[in-house]
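K.L.:
Dropping the structure in here first, questions after.
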Amino acid sequence: MDSAMVSAGNEALWRARVFDERRAADVAALEEVRRQPDTVTLDHRARLRDELSGLRDLPDRRIVDEPCRWVHYPWRRELVGIIGPQSFSLVRLDRNRNKITRDEQARLRRLRVGIVGLSVGNAIAQALALEGLCGELRLADFDSIDLSNLNRIPVGITDVGVNKAVVAARRIAELDPYLSVSVHTAGVTDASVDAMVDGLDLVVEECDSLDVKMSVRRAARGRGIPVIMETTDRGLLDIERFDLEPQRPLFHGLLGDLDEASVAGLTAQEKIPYALALLSAAELSVKMAASLVEVGSTLSTWPQLGSEVLAGASAVATAVRRFGLGESLPSGRVRIDSGTLLNGLRDPLVDDDGSHSDIPESSVESAVAPTRPADGVEAVLEAIRWAPSGGNAQPWSLQVDGPLIHIHADRDRTSLMDVDGRATHVAIGAAVYNAKVAAAAHGILGHTVLLPDPDSVDLVATVTLGDHRNQFLAQRYPSMLERRTNRGVGARVPIDRGLEDALGDAARDEGGRLHLYTDPHELAAFGDVVGAADRIRYLTPMLHEQMIGELRWPGSDTARTGIDIRTLGLGNGEGAFLDVVRRSDVVTRLARWGAGEALGISARDRITSSSALGVVTVPGSRLEDYVRGGSAAEAVWVCAQENGFGVQPMSPVFLYARDSYDCVRLSDPFASELDALRVSMRGLLDLSGEESIALVLRLSHCPPETVRSARLPANRIRR
């Protein structure tokens, strides 16, 4: 062992002794400690075992049975009962997840870090130990704690006179007695620098002596060890990657060819020119720059603030974490200056132009609503305009030719979930139903032909206006115009048998079939499937991008398509949750972790709190079948709302997938999981091979929604 290292006999000054009662020698030594009259015993074993048992997702249940240990802290005269090393680490660092995953924690425990200078370095050592960012720490400082150090070193008056490295080692031992720590109380000299850095993966240099700074870097560079330094004024973080750049000049060449002999023994005042070169004088804070002028006059040395030291420790810990995990950390310098950042405070209630923003409320009355033109043709076109579609994309265009209204698919307004155009055809089916209702109300009902021209793949339906009346359809006209999505959570109010029959008849009249589920256990099963599919939608990059791209904020240029956020029925906390999960970097990280169960909670909760779940199906799988399914779904929707129920379409990702190949097209990374959910849904519905799902509708008893998403103006959907 290096002569500058604390001798084995003096290790009791800072090293906690861990006793394992499975070893005879430890049992004897433990009894000797217990016999000492001033030993205070604290037994935390049962408490810590309870914490361990309460952890979620234990990697190995056998860890619960890991034997406990006793730890003796000689400087405190305390004997503490704790759990074993693996379980201790799991409990202590569990709340680091998932910012530092367990696999990442394991990687970081292999890191060996040395810290030279334990004033600023004390906070850094604590930060590294707190986060579990290394498995071995070497601490070096020749100096002891003075009262004047208590402005920035987080220790107490009882530590005055104790070596700084020893004080830091004690605090770490009290935090984690299993972390390997060694101490150099003679600091670092030319004779000891090699022993200090040998075998390290990283050096953090925080000493005052320029010659030691150079010596440490020279030794580190010779061994390909990177060096990190943090200078507290304006948060200057400095990285020298000698592991990647073995010829990189010391201090990035800022001090030229200066060597250790030239700066050894300099006074604080004599060091100032070199300090200015290292700190970039032009970037110093005003107070620090002015203080340097006073060093040797009214100040004995340059000032440091405790808050800046702690902030610097955070920056260094982040850099160490990046290094240990192989993330980007090039050579260079950056200022992480909280003072400057605070100058950029912005009031979220005030727009950039100084005006106060409107905070949208779900109770705000929407300015958009369908009109009731007196002219029958215009009434039919208006009814089509307000038909529902996935993401309110309105994937159609209209062509009026005398009594003929041709409805074309607009493939520019669609998404990945529109597998082979099936969603578009369902939406056009809803538009066809609206057209028939409006025509009936104006006495111009005719007939409709689906896919009338085999040579025109985009021509989905032709509505021919005539002179017929249909009192049943005409009665639906006001309700059809008032139809809207209600995404509120609502309450589970029973649906009487008469309404069940009416809803079933509405679907059947349009060529569909309604599967209606009201049993709480069945709703829970459907909620699990749809919630799991929602998670996949969030975690698949393109699906997530398109889903978030559907959302519209009032006043935006694109607010005439997509979903107005005021219609989302967001409860307490859900708005903030949306702000998080709309970020692609967040969901990408969740996908990498295999996590994100919470992403399906909203859909699951809304289904389980509903009065019923209605699934509209059609007997075939051709595109014209999906058109009929859309008409049937719209008929059910209008009928349910007319009878006091709020309706929300639920669109699991697999809704229009017919087989496993379709699931691959939707989400290759989650294809097998998605296909299993698709099969599970069909099993819950007990569907035949050719029967297809047109739409899933959640029926809930909740207050009427006063806001509806806007629609494109008529001239935008007319050819």
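Naming works like this for the structure tokens: A, B, ... for the chains as they're shown, residue 1 at the start of each chain, ligands 1 onward in shown order.
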Fewer than 2 positions away in the same chain doesn't count, so skip those; otherwise give me all residues within 6 Å of range 19-31 of chain A, counting only C-alpha atoms, as a ChimeraX atom specification.

P.N.:
/A:33-34,69-70

K.L.:
Could you give me, as a ChimeraX atom specification, the residues within 12 Å of Gly402 in chain A, counting only C-alpha atoms and dropping anything in the same chain fewer than 5 positions from it?

P.N.:
/A:377,462-466

K.L.:
Show me, as a compact mmCIF listing (two decimals) with N, CA and C atoms, in the first residue's frame, the residues that have an atom within 8 Å of Leu329 in chain A when counting only C-alpha atoms, minus same-chain residues fewer than 4 positions from it.

P.N.:
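See out_1.txt below for the written result:
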```txt
# COMPACT_ATOMS: atom_id res chain seq x y z
N ILE A 239 -14.04 18.77 -19.30
CA ILE A 239 -13.82 17.34 -19.57
C ILE A 239 -12.59 17.19 -20.45
N ALA A 319 -21.96 13.91 -15.53
CA ALA A 319 -20.89 13.58 -16.47
C ALA A 319 -20.33 12.18 -16.18
N ARG A 322 -22.76 9.62 -17.47
CA ARG A 322 -22.66 9.48 -18.93
C ARG A 322 -21.44 8.66 -19.32
N PHE A 323 -20.32 8.95 -18.67
CA PHE A 323 -19.10 8.21 -18.98
C PHE A 323 -19.28 6.73 -18.67
```

K.L.:
Could you write out, as a list of chain:residue names, all the residues of range 511-619 of chain A that DSSP marks as strand (DSSP E or B)?

P.N.:
A:Arg513, A:Leu514, A:His515, A:Leu516, A:Tyr517, A:Leu551, A:Arg552, A:Ile563, A:Asp564, A:Ala612, A:Leu613, A:Gly614, A:Val615, A:Val616, A:Thr617, A:Val618

K.L.:
So that I can see what lies close to His521 in chain A, please list as an mmCIF file with N, CA and C atoms, in the first residue's frame the residues with an atom at most 12 Å from it, counting only C-alpha atoms and leaving out residues fewer than 2 positions away in the same chain.

P.N.:
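Saved to selection27.cif:
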```cif
data_model
loop_
_atom_site.group_PDB
_atom_site.id
_atom_site.type_symbol
_atom_site.label_atom_id
_atom_site.label_comp_id
_atom_site.auth_asym_id
_atom_site.auth_seq_id
_atom_site.Cartn_x
_atom_site.Cartn_y
_atom_site.Cartn_z
ATOM 1 N N TYR A 517 -71.920 -5.143 -24.285
ATOM 2 C CA TYR A 517 -71.423 -5.761 -23.054
ATOM 3 C C TYR A 517 -71.593 -4.793 -21.894
ATOM 4 N N THR A 518 -72.219 -5.280 -20.826
ATOM 5 C CA THR A 518 -72.460 -4.439 -19.653
ATOM 6 C C THR A 518 -71.908 -5.035 -18.361
ATOM 7 N N ASP A 519 -71.557 -6.305 -18.379
ATOM 8 C CA ASP A 519 -71.049 -6.953 -17.174
ATOM 9 C C ASP A 519 -69.671 -6.384 -16.808
ATOM 10 N N LEU A 523 -66.315 -5.929 -19.139
ATOM 11 C CA LEU A 523 -65.744 -4.608 -19.411
ATOM 12 C C LEU A 523 -64.276 -4.564 -19.009
ATOM 13 N N ALA A 524 -63.951 -5.194 -17.885
ATOM 14 C CA ALA A 524 -62.555 -5.212 -17.437
ATOM 15 C C ALA A 524 -61.673 -5.961 -18.434
ATOM 16 N N ALA A 525 -62.198 -7.065 -18.984
ATOM 17 C CA ALA A 525 -61.418 -7.836 -19.967
ATOM 18 C C ALA A 525 -61.168 -7.009 -21.218
ATOM 19 N N PHE A 526 -62.214 -6.330 -21.709
ATOM 20 C CA PHE A 526 -62.029 -5.467 -22.882
ATOM 21 C C PHE A 526 -61.091 -4.304 -22.544
ATOM 22 N N GLY A 527 -61.231 -3.755 -21.328
ATOM 23 C CA GLY A 527 -60.357 -2.650 -20.920
ATOM 24 C C GLY A 527 -58.897 -3.052 -20.929
ATOM 25 N N ASP A 528 -58.602 -4.266 -20.490
ATOM 26 C CA ASP A 528 -57.207 -4.736 -20.488
ATOM 27 C C ASP A 528 -56.655 -4.825 -21.909
ATOM 28 N N ILE A 607 -63.170 2.453 -20.040
ATOM 29 C CA ILE A 607 -64.017 1.317 -20.402
ATOM 30 C C ILE A 607 -64.641 0.686 -19.154
ATOM 31 N N THR A 608 -63.854 0.491 -18.118
ATOM 32 C CA THR A 608 -64.382 -0.173 -16.923
ATOM 33 C C THR A 608 -65.388 0.688 -16.179
ATOM 34 N N SER A 609 -65.362 2.009 -16.397
ATOM 35 C CA SER A 609 -66.320 2.892 -15.723
ATOM 36 C C SER A 609 -67.573 3.121 -16.568
ATOM 37 N N SER A 610 -67.646 2.473 -17.719
ATOM 38 C CA SER A 610 -68.740 2.731 -18.658
ATOM 39 C C SER A 610 -69.987 1.928 -18.315
ATOM 40 N N ALA A 612 -71.645 0.558 -20.822
ATOM 41 C CA ALA A 612 -71.587 -0.549 -21.780
ATOM 42 C C ALA A 612 -70.475 -0.310 -22.779
ATOM 43 N N LEU A 613 -70.057 -1.391 -23.397
ATOM 44 C CA LEU A 613 -69.155 -1.320 -24.535
ATOM 45 C C LEU A 613 -69.883 -1.940 -25.710
ATOM 46 N N LEU A 684 -63.009 -12.617 -27.290
ATOM 47 C CA LEU A 684 -63.999 -12.039 -26.375
ATOM 48 C C LEU A 684 -65.322 -11.801 -27.084
#
```

K.L.:
Nearest to Ser144 in chain A: which of A:Val166, A:Ala441, A:Leu130, A:Pro403 is it, counting only C-alpha atoms?

P.N.:
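With only C-alpha atoms as the atom set, the closest residue is A:Val166.
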
K.L.:
For Asp662 in chain A, list every protein, DNA or RNA residue within 10 Å, evaluated using only C-alpha atoms, and leave out those in the same chain fewer than 6 positions away; present the list as an MDAnalysis selection string.

P.N.:
chainID A and resid 417 419:420 654 656 668 671 674:675

K.L.:
Can you tell me which residues surround Arg658 in chain A at a distance of at most 9 Å, considering only C-alpha atoms, apart from same-chain residues fewer than 5 positions away, and format the answer as a PyMOL selection string?

P.N.:
chain A and resi 419+621+663+678+692

K.L.:
Could you write out, as a PyMOL selection string, all the residues of range 445-575 of chain A that DSSP marks as alpha helix (DSSP H)?

P.N.:
chain A and resi 471-475+477-482+497-509+520-539+541-549+574-575

K.L.:
Grab the residues selected above and save them as a short mmCIF file (atom, residue, chain, number, x, y, z; two decimals), in the first residue's frame with C-alpha atoms.

P.N.:
```cif
data_model
loop_
_atom_site.label_atom_id
_atom_site.label_comp_id
_atom_site.auth_asym_id
_atom_site.auth_seq_id
_atom_site.Cartn_x
_atom_site.Cartn_y
_atom_site.Cartn_z
CA GLN A 471 -90.09 9.29 -41.11
CA PHE A 472 -87.87 7.08 -38.95
CA LEU A 473 -84.65 8.46 -40.47
CA ALA A 474 -86.04 12.01 -40.57
CA GLN A 475 -86.61 11.90 -36.81
CA TYR A 477 -81.92 14.53 -38.06
CA PRO A 478 -81.62 16.80 -34.98
CA SER A 479 -79.82 14.08 -33.00
CA MET A 480 -77.48 13.37 -35.89
CA LEU A 481 -76.47 17.04 -36.07
CA GLU A 482 -75.92 17.10 -32.30
CA ARG A 497 -83.63 -3.72 -22.25
CA GLY A 498 -85.65 -1.43 -24.46
CA LEU A 499 -82.61 0.69 -25.32
CA GLU A 500 -80.49 -2.43 -25.88
CA ASP A 501 -83.05 -3.58 -28.46
CA ALA A 502 -83.16 -0.12 -30.08
CA LEU A 503 -79.38 0.01 -30.39
CA GLY A 504 -79.29 -3.48 -31.86
CA ASP A 505 -82.01 -2.57 -34.36
CA ALA A 506 -80.13 0.60 -35.37
CA ALA A 507 -77.06 -1.45 -36.27
CA ARG A 508 -79.09 -4.16 -38.01
CA ASP A 509 -81.02 -1.64 -40.15
CA PRO A 520 -68.17 -5.40 -15.14
CA HIS A 521 -65.97 -8.48 -15.61
CA GLU A 522 -66.44 -8.35 -19.38
CA LEU A 523 -65.74 -4.61 -19.41
CA ALA A 524 -62.55 -5.21 -17.44
CA ALA A 525 -61.42 -7.84 -19.97
CA PHE A 526 -62.03 -5.47 -22.88
CA GLY A 527 -60.36 -2.65 -20.92
CA ASP A 528 -57.21 -4.74 -20.49
CA VAL A 529 -57.02 -5.48 -24.22
CA VAL A 530 -57.67 -1.93 -25.38
CA GLY A 531 -55.33 -0.49 -22.71
CA ALA A 532 -52.52 -2.82 -23.79
CA ALA A 533 -53.07 -1.79 -27.40
CA ASP A 534 -52.95 1.88 -26.41
CA ARG A 535 -49.56 1.28 -24.80
CA ILE A 536 -48.27 -0.09 -28.10
CA ARG A 537 -49.67 2.93 -29.92
CA TYR A 538 -47.67 5.22 -27.66
CA LEU A 539 -44.47 3.17 -27.89
CA PRO A 541 -42.72 5.85 -33.13
CA MET A 542 -44.89 6.44 -36.20
CA LEU A 543 -48.14 5.62 -34.41
CA HIS A 544 -47.17 7.96 -31.56
CA GLU A 545 -46.22 10.74 -33.95
CA GLN A 546 -49.52 10.47 -35.80
CA MET A 547 -51.56 10.21 -32.60
CA ILE A 548 -50.01 13.34 -31.10
CA GLY A 549 -50.25 14.99 -34.51
CA GLU A 574 -54.19 13.93 -17.09
CA GLY A 575 -53.24 17.20 -18.80
#
```

K.L.:
Given only C-alpha atoms as the basis, pick out the residue of A:Ala598, A:Val188, A:Ile225, A:Val183 nearest to Val203 in chain A.

P.N.:
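Smallest separation from Val203 in chain A among the options: A:Ile225.
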
K.L.:
Which residues are near Glu206 in chain A? Cut-off 8 Å, only C-alpha atoms, ignore same chain within fewer than 4 positions. Put them as an MDAnalysis selection string.

P.N.:
chainID A and resid 115:121 229:230

K.L.:
Between CA of Thr448 in chain A and CA of Gly620 in chain A, what is the distance, to one decimal in Å?

P.N.:
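It comes out at 19.0 Å.
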
K.L.:
Go ahead and compute the interatomic distance for CA of Ala387 in chain A and CA of Gly512 in chain A, in Å to one decimal.

P.N.:
17.8 Å
